[in-house]
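Structure file upload.txt with compact mmCIF, C-alpha atoms and all ligand atoms:
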# COMPACT_ATOMS: atom_id res chain seq x y z
CA MET A 369 -41.51 4.52 57.94
CA PRO A 370 -43.50 1.51 56.67
CA TYR A 371 -43.86 -1.49 58.96
CA LEU A 372 -44.27 -4.28 56.38
CA SER A 373 -41.46 -6.42 57.82
CA THR A 374 -42.75 -5.88 61.38
CA ILE A 375 -46.29 -7.04 60.60
CA SER A 376 -45.26 -9.85 58.23
CA ALA A 377 -42.69 -11.14 60.76
CA LEU A 378 -45.35 -13.36 62.33
CA SER A 379 -46.30 -15.20 59.12
CA ASN A 380 -42.62 -15.40 58.13
CA ARG A 381 -41.42 -16.85 61.45
CA LEU A 382 -44.33 -19.06 62.56
CA GLY A 383 -43.86 -22.79 61.92
CA GLY A 384 -41.28 -25.56 61.96
CA GLY A 385 -41.15 -25.56 65.78
CA SER A 386 -40.49 -21.82 65.96
CA GLY A 387 -41.09 -21.59 69.74
CA LEU A 388 -42.25 -17.96 69.64
CA LEU A 389 -43.55 -16.27 72.79
CA THR A 390 -46.52 -13.95 72.88
CA ALA A 391 -47.56 -11.47 75.54
CA TRP A 392 -51.29 -11.75 76.37
CA VAL A 393 -53.01 -8.46 77.10
CA GLY A 394 -56.40 -8.21 78.77
CA MET A 395 -55.93 -4.91 80.56
CA PRO A 396 -58.04 -2.14 79.02
CA ASP A 397 -55.20 0.27 78.23
CA PRO A 398 -53.18 0.22 74.98
CA VAL A 399 -50.14 1.44 76.93
CA VAL A 400 -49.87 -2.07 78.43
CA ALA A 401 -49.59 -3.68 74.97
CA GLY A 402 -47.01 -1.11 73.81
CA HIS A 403 -45.04 -1.59 77.02
CA LEU A 404 -44.96 -5.40 76.80
CA ALA A 405 -43.88 -5.11 73.15
CA LEU A 406 -40.63 -3.61 74.47
CA GLU A 407 -39.85 -6.82 76.37
CA ASP A 408 -38.38 -9.93 74.71
CA PHE A 409 -41.70 -11.18 73.33
CA ASP A 410 -41.94 -12.09 69.64
CA VAL A 411 -45.61 -11.13 69.42
CA VAL A 412 -48.23 -9.27 71.51
CA THR A 413 -51.78 -10.66 71.65
CA LEU A 414 -54.72 -8.41 72.54
CA ASP A 415 -57.53 -10.46 74.08
CA MET A 416 -61.12 -9.43 73.30
CA GLN A 417 -62.69 -12.73 74.43
CA HIS A 418 -61.88 -12.74 78.14
CA GLY A 419 -59.76 -9.58 78.28
CA ALA A 420 -61.31 -6.16 78.95
CA ASN A 421 -60.46 -4.78 75.50
CA ASP A 422 -62.96 -3.11 73.19
CA ILE A 423 -62.39 -2.32 69.52
CA ALA A 424 -61.08 1.23 70.08
CA LEU A 425 -58.51 0.03 72.62
CA VAL A 426 -57.45 -2.78 70.28
CA ARG A 427 -57.00 -0.35 67.36
CA GLN A 428 -54.65 1.78 69.46
CA GLY A 429 -52.97 -1.29 70.97
CA ILE A 430 -52.14 -2.67 67.50
CA LEU A 431 -50.60 0.66 66.59
CA ASN A 432 -48.53 0.86 69.80
CA VAL A 433 -47.24 -2.68 69.34
CA THR A 434 -46.40 -2.14 65.67
CA LEU A 435 -44.56 1.13 66.37
CA ALA A 436 -42.57 -0.75 69.02
CA GLY A 437 -41.43 -3.12 66.24
CA LYS A 438 -43.52 -6.23 67.02
CA PRO A 439 -46.41 -7.96 65.21
CA SER A 440 -49.74 -8.13 67.03
CA LEU A 441 -52.41 -10.79 67.25
CA VAL A 442 -56.01 -10.28 68.37
CA ARG A 443 -58.19 -12.92 70.00
CA ILE A 444 -61.75 -12.08 68.98
CA PRO A 445 -64.92 -12.97 70.97
CA VAL A 446 -66.63 -16.28 70.10
CA ASN A 447 -68.15 -16.21 66.57
CA ASP A 448 -67.43 -12.47 66.15
CA PHE A 449 -65.80 -12.99 62.77
CA ALA A 450 -66.59 -9.48 61.48
CA THR A 451 -64.15 -8.21 64.12
CA ALA A 452 -61.44 -10.40 62.55
CA SER A 453 -61.61 -8.37 59.32
CA ARG A 454 -61.66 -5.08 61.24
CA VAL A 455 -58.52 -5.80 63.28
CA LEU A 456 -56.68 -6.88 60.10
CA ASP A 457 -57.72 -3.52 58.59
CA PHE A 458 -56.12 -1.89 61.67
CA GLY A 459 -52.79 -3.70 61.09
CA ALA A 460 -53.02 -6.89 63.16
CA ALA A 461 -50.69 -9.64 61.91
CA GLY A 462 -53.26 -12.32 62.63
CA VAL A 463 -56.36 -13.36 64.53
CA ILE A 464 -57.05 -16.11 67.07
CA ALA A 465 -60.67 -17.34 66.94
CA PRO A 466 -61.90 -19.18 70.06
CA MET A 467 -64.16 -22.25 70.11
CA ILE A 468 -63.70 -23.38 66.50
CA ASN A 469 -65.49 -26.71 66.90
CA SER A 470 -66.16 -27.84 63.34
CA LYS A 471 -65.08 -27.50 59.72
CA ALA A 472 -68.06 -25.14 59.23
CA ASP A 473 -66.87 -22.88 62.09
CA ALA A 474 -63.37 -22.77 60.55
CA GLU A 475 -64.77 -21.98 57.08
CA ALA A 476 -66.86 -19.13 58.50
CA PHE A 477 -63.79 -17.74 60.31
CA LEU A 478 -61.46 -17.90 57.33
CA SER A 479 -64.04 -16.32 55.01
CA PHE A 480 -63.56 -13.10 57.04
CA MET A 481 -59.76 -13.50 57.18
CA LYS A 482 -58.77 -13.97 53.54
CA PHE A 483 -59.54 -12.10 50.34
CA PRO A 484 -60.99 -14.01 47.34
CA PRO A 485 -60.54 -16.61 46.07
CA VAL A 486 -59.67 -18.16 49.48
CA GLY A 487 -62.28 -16.24 51.51
CA GLN A 488 -64.57 -13.23 51.27
CA ARG A 489 -62.76 -10.60 53.34
CA SER A 490 -64.21 -7.23 52.37
CA TRP A 491 -61.82 -4.59 51.07
CA GLY A 492 -60.87 -1.63 53.31
CA PRO A 493 -57.42 -1.99 54.91
CA THR A 494 -56.86 1.76 55.19
CA ILE A 495 -54.64 1.70 58.29
CA ALA A 496 -52.87 -1.56 57.35
CA VAL A 497 -51.95 -0.24 53.90
CA GLY A 498 -50.44 2.88 55.47
CA LEU A 499 -48.56 0.93 58.13
CA THR A 500 -47.13 -1.56 55.63
CA GLY A 501 -46.32 1.15 53.07
CA GLN A 502 -47.71 -0.96 50.21
CA THR A 503 -49.73 -0.10 47.15
CA LEU A 504 -53.34 -1.28 47.23
CA ASP A 505 -52.55 -4.01 44.69
CA ASP A 506 -49.52 -5.17 46.72
CA TYR A 507 -51.66 -5.38 49.85
CA LEU A 508 -54.28 -7.39 47.94
CA ALA A 509 -51.58 -9.73 46.61
CA LYS A 510 -49.78 -10.24 49.94
CA GLY A 511 -52.58 -9.70 52.49
CA ASN A 512 -53.71 -13.33 52.68
CA ALA A 513 -50.24 -14.71 53.35
CA MET A 514 -49.49 -11.94 55.85
CA SER A 515 -52.72 -12.35 57.87
CA VAL A 516 -52.40 -15.45 60.03
CA ALA A 517 -55.68 -17.30 60.72
CA ILE A 518 -55.48 -19.27 63.97
CA ALA A 519 -58.33 -21.58 65.06
CA MET A 520 -58.68 -22.46 68.74
CA ILE A 521 -59.07 -26.13 69.63
CA GLU A 522 -60.62 -26.42 73.09
CA THR A 523 -63.47 -28.94 73.03
CA ARG A 524 -64.03 -32.63 72.28
CA GLU A 525 -65.85 -31.64 69.07
CA ALA A 526 -62.83 -29.60 67.93
CA LEU A 527 -60.49 -32.54 68.58
CA ALA A 528 -62.78 -34.79 66.52
CA ALA A 529 -62.80 -32.24 63.65
CA LEU A 530 -59.09 -31.41 63.92
CA ASP A 531 -57.96 -32.95 60.62
CA ASP A 532 -60.84 -31.37 58.68
CA ILE A 533 -60.02 -27.95 60.19
CA LEU A 534 -56.29 -28.29 59.48
CA ALA A 535 -56.95 -29.40 55.89
CA LEU A 536 -58.63 -26.09 55.03
CA ASP A 537 -56.66 -23.77 52.78
CA GLY A 538 -56.51 -20.51 54.72
CA ILE A 539 -56.32 -21.93 58.25
CA ASP A 540 -52.65 -21.30 59.08
CA ALA A 541 -52.46 -22.59 62.64
CA VAL A 542 -54.36 -24.09 65.54
CA PHE A 543 -54.17 -22.84 69.12
CA VAL A 544 -55.04 -25.03 72.08
CA GLY A 545 -56.97 -23.51 74.97
CA PRO A 546 -55.90 -26.00 77.65
CA SER A 547 -58.23 -24.66 80.36
CA ASP A 548 -61.40 -25.10 78.33
CA LEU A 549 -60.07 -28.38 76.96
CA SER A 550 -59.43 -29.66 80.50
CA ILE A 551 -63.03 -28.76 81.46
CA ALA A 552 -64.37 -30.50 78.33
CA LEU A 553 -62.28 -33.65 78.77
CA SER A 554 -63.30 -33.95 82.45
CA ASN A 555 -66.98 -33.44 81.53
CA GLY A 556 -67.04 -30.21 83.49
CA SER A 557 -65.60 -31.55 86.73
CA ASN A 558 -62.36 -29.54 86.89
CA VAL A 559 -60.09 -26.99 85.20
CA LYS A 560 -56.52 -28.32 85.18
CA PRO A 561 -54.49 -27.50 82.05
CA SER A 562 -51.54 -29.63 83.23
CA ARG A 563 -53.58 -32.87 83.56
CA ALA A 564 -52.10 -35.87 81.74
CA ASP A 565 -55.01 -36.27 79.30
CA VAL A 566 -54.71 -32.58 78.32
CA LEU A 567 -50.95 -32.97 77.75
CA ASP A 568 -51.63 -36.05 75.58
CA ALA A 569 -54.13 -33.99 73.55
CA LEU A 570 -51.49 -31.27 73.18
CA ASP A 571 -49.05 -33.80 71.69
CA HIS A 572 -51.74 -35.04 69.32
CA VAL A 573 -52.63 -31.50 68.16
CA ARG A 574 -48.98 -30.63 67.51
CA GLN A 575 -48.36 -33.81 65.51
CA SER A 576 -51.51 -33.30 63.45
CA ALA A 577 -50.76 -29.63 62.79
CA HIS A 578 -47.23 -30.36 61.63
CA ALA A 579 -48.42 -33.27 59.47
CA HIS A 580 -50.62 -30.71 57.67
CA LYS A 581 -47.69 -28.23 57.55
CA LYS A 582 -49.61 -25.86 59.82
CA ALA A 583 -48.39 -24.25 63.05
CA ALA A 584 -49.23 -25.44 66.58
CA CYS A 585 -49.84 -22.82 69.28
CA CYS A 586 -50.98 -22.98 72.91
CA PHE A 587 -51.83 -20.86 75.92
CA ALA A 588 -49.39 -21.87 78.70
CA PRO A 589 -50.52 -20.76 82.17
CA THR A 590 -46.91 -21.02 83.46
CA PRO A 591 -43.49 -20.30 81.92
CA ALA A 592 -42.42 -23.88 82.75
CA MET A 593 -45.25 -25.25 80.61
CA ALA A 594 -44.28 -22.87 77.78
CA LYS A 595 -40.69 -24.14 77.96
CA ASP A 596 -41.85 -27.79 77.78
CA LEU A 597 -44.12 -27.05 74.83
CA ALA A 598 -41.32 -25.25 72.97
CA LYS A 599 -39.06 -28.29 73.55
CA LYS A 600 -41.76 -30.53 72.09
CA GLY A 601 -41.91 -28.38 68.95
CA TYR A 602 -44.77 -25.98 69.60
CA ASP A 603 -44.56 -22.88 67.41
CA LEU A 604 -46.13 -20.18 69.62
CA MET A 605 -46.99 -19.99 73.30
CA ALA A 606 -48.55 -17.41 75.57
CA ILE A 607 -47.07 -17.37 79.08
CA GLY A 608 -49.97 -16.36 81.30
CA THR A 609 -51.60 -12.94 80.99
CA ASP A 610 -50.69 -9.36 81.82
CA PHE A 611 -52.88 -9.71 84.94
CA SER A 612 -51.05 -12.84 86.13
CA GLN A 613 -47.62 -11.37 85.32
CA LEU A 614 -48.40 -8.15 87.22
CA ARG A 615 -49.54 -10.05 90.30
CA SER A 616 -46.69 -12.59 90.27
CA GLY A 617 -44.15 -9.77 89.77
CA ALA A 618 -45.65 -7.84 92.67
CA ARG A 619 -45.72 -10.96 94.86
CA ALA A 620 -42.04 -11.74 94.12
CA GLN A 621 -41.01 -8.19 95.05
CA ILE A 622 -43.14 -8.12 98.20
CA ASP A 623 -41.58 -11.43 99.29
CA ILE A 624 -38.09 -9.90 98.90
CA ALA A 625 -39.07 -6.68 100.71
CA ARG A 626 -40.64 -8.65 103.57
CA GLY A 627 -37.57 -10.90 103.83
CA ARG A 628 -39.47 -14.05 102.77
CA SER A 629 -37.06 -14.97 99.94
C1 LIG B 701 -58.10 -21.73 77.43
O1 LIG B 701 -57.15 -22.23 78.05
O2 LIG B 701 -59.22 -22.25 77.34
C2 LIG B 701 -57.90 -20.45 76.77
O3 LIG B 701 -58.77 -20.04 76.03
C3 LIG B 701 -56.66 -19.69 77.05
O4 LIG B 701 -56.91 -18.33 77.11
MG MG B 702 -60.63 -20.96 76.15
Output the file's structure as structure tokens, nothing else.
Ligand code: 3PY
Ligand code: MG
Amino acid sequence: MPYLSTISALSNRLGGGSGLLTAWVGMPDPVVAGHLALEDFDVVTLDMQHGANDIALVRQGILNVTLAGKPSLVRIPVNDFATASRVLDFGAAGVIAPMINSKADAEAFLSFMKFPPVGQRSWGPTIAVGLTGQTLDDYLAKGNAMSVAIAMIETREALAALDDILALDGIDAVFVGPSDLSIALSNGSNVKPSRADVLDALDHVRQSAHAHKKAACCFAPTPAMAKDLAKKGYDLMAIGTDFSQLRSGARAQIDIARGRS
């Protein structure tokens, strides 16, 4: 059974204030990604930057998520653009690249994400072609549109270069990392994603992205923040991580069992 509509669902649905929710998986077991795909998430993201995932776990995680009927995203380590091409070959619906701080960073990223003439992605999507059930020529024709390139905006330099990054053909979306941005905007004095200056920057990023007809995405440490961002027109939000959800779920159940709520 080919999974073309499953994998292309992300590029088809992202944008116009789509308010999609992604799971965020850092636990080093592909069963976690497959399991969360069965919940009411639109997307499952496998995190290789701060999560404990290596490439073999991500390959299996992408497969588990796809077979569960959801598209998967992968956040690669900083500047590890070769991994972006590899995870697309494995069937990822898109890639989130952290710390894209300049037009040159964004160009380097998208060169690994898109086939010519947009970029220079090398040919070899063996698993993705099988999963999508396409001919090689169909995959070549549709691969660029189907593979969502998402640049993270999380520094002062990135905010200054935002319009140049968004103007690039091939960059489909930007994704705010509000923790790093809060550290940058406070010159390293604190990490507080809900600070007023960070929320102002989030409004600015969304407006700029939509002016360029690109999608605006954000990591929301709490579900309340994700709800607010969706109301403001954000297109995709993470709501914490698998680690934070496991611990908060356990805490809520312990509180009930101990008669504290
Ligand atoms: C940030 O908030 O800086 C992130 O990268 C979210 O994971
Ligand atoms: Mg970050």
Enter the distance from CA of Val516 in chain A to CA of Ser550 in chain A, in Å, rounded to one decimal.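 Straight-line distance from CA of Val516 in chain A to CA of Ser550 in chain A works out to 25.9 Å.
With distances restricted to only C-alpha atoms, A:Asp532 is the closest residue to Ala472 in chain A from A:Ser612, A:Asp532, A:Leu406, A:Arg628.
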Any idea what the distance is between CA of Gly487 in chain A and CA of Gly538 in chain A? 7.9 Å
Select, from A:Asp422, A:Asp473, A:Asp548, A:Glu407, the residue with the minimum atom-to-atom distance to ligand LIG 701 (chain B), counting all atoms listed in the file.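 Closest candidate: A:Asp548.
If you measure from each of A:Ile624, A:Ala460, A:Ala465, A:Met514 to Val426 in chain A using all atoms listed in the file, the closest one turns out to be A:Ala460.
If you look at CA of Tyr507 in chain A and CA of Gly462 in chain A, they are 14.6 Å away from each other.
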Got a sec: who's within 7 Å of range 386-395 of chain A, counting only C-alpha atoms, leaving out chain neighbours fewer than 5 positions off, as a PDB file with C-alpha atoms, in the frame of the given file?
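What follows is the written file around06.pdb:
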ATOM      1  CA  ARG A 381     -41.420 -16.850  61.450  1.00  0.00           C
ATOM      2  CA  ALA A 401     -49.590  -3.680  74.970  1.00  0.00           C
ATOM      3  CA  LEU A 404     -44.960  -5.400  76.800  1.00  0.00           C
ATOM      4  CA  PHE A 409     -41.700 -11.180  73.330  1.00  0.00           C
ATOM      5  CA  ASP A 410     -41.940 -12.090  69.640  1.00  0.00           C
ATOM      6  CA  VAL A 411     -45.610 -11.130  69.420  1.00  0.00           C
ATOM      7  CA  VAL A 412     -48.230  -9.270  71.510  1.00  0.00           C
ATOM      8  CA  THR A 413     -51.780 -10.660  71.650  1.00  0.00           C
ATOM      9  CA  LEU A 414     -54.720  -8.410  72.540  1.00  0.00           C
ATOM     10  CA  ASP A 415     -57.530 -10.460  74.080  1.00  0.00           C
ATOM     11  CA  GLY A 419     -59.760  -9.580  78.280  1.00  0.00           C
ATOM     12  CA  ALA A 420     -61.310  -6.160  78.950  1.00  0.00           C
ATOM     13  CA  ASN A 421     -60.460  -4.780  75.500  1.00  0.00           C
ATOM     14  CA  ALA A 598     -41.320 -25.250  72.970  1.00  0.00           C
ATOM     15  CA  GLY A 601     -41.910 -28.380  68.950  1.00  0.00           C
ATOM     16  CA  TYR A 602     -44.770 -25.980  69.600  1.00  0.00           C
ATOM     17  CA  ASP A 603     -44.560 -22.880  67.410  1.00  0.00           C
ATOM     18  CA  LEU A 604     -46.130 -20.180  69.620  1.00  0.00           C
ATOM     19  CA  MET A 605     -46.990 -19.990  73.300  1.00  0.00           C
ATOM     20  CA  ALA A 606     -48.550 -17.410  75.570  1.00  0.00           C
ATOM     21  CA  ILE A 607     -47.070 -17.370  79.080  1.00  0.00           C
ATOM     22  CA  GLY A 608     -49.970 -16.360  81.300  1.00  0.00           C
ATOM     23  CA  THR A 609     -51.600 -12.940  80.990  1.00  0.00           C
ATOM     24  CA  ASP A 610     -50.690  -9.360  81.820  1.00  0.00           C
TER      25      ASP A 610
END
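Excluding Asp568 in chain A and any residue on its chain fewer than 4 positions from it, the residues at most 12 Å away by all atoms listed in the file are Leu527, Pro546, Leu549, Ser550, Leu553, Pro561, Ser562, Arg563, Ala564, His572, Val573, Arg574, Gln575, Leu597 and Lys600 of chain A.
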Given 10 Å and all atoms listed in the file, residues near ligand MG 702 (chain B) as a list in words: Gln417, His418, Val446, Ala465, Pro466, Met467, Met520, Ile521, Glu522, Thr523, Phe543, Val544, Gly545, Pro546, Ser547, Asp548, Leu549, Ser550, Ile551 and Phe587 of chain A
Considering all atoms listed in the file, return as a list in words whatever protein or nucleic-acid residues lie within 10 Å of Gln428 in chain A, sequence-local ones (same chain, fewer than 4 positions apart) excluded. Asp397, Pro398, Val399, Ala401, Gly402, Ile423, Ala424, Asn432, Val433, Thr434 and Phe458 of chain A
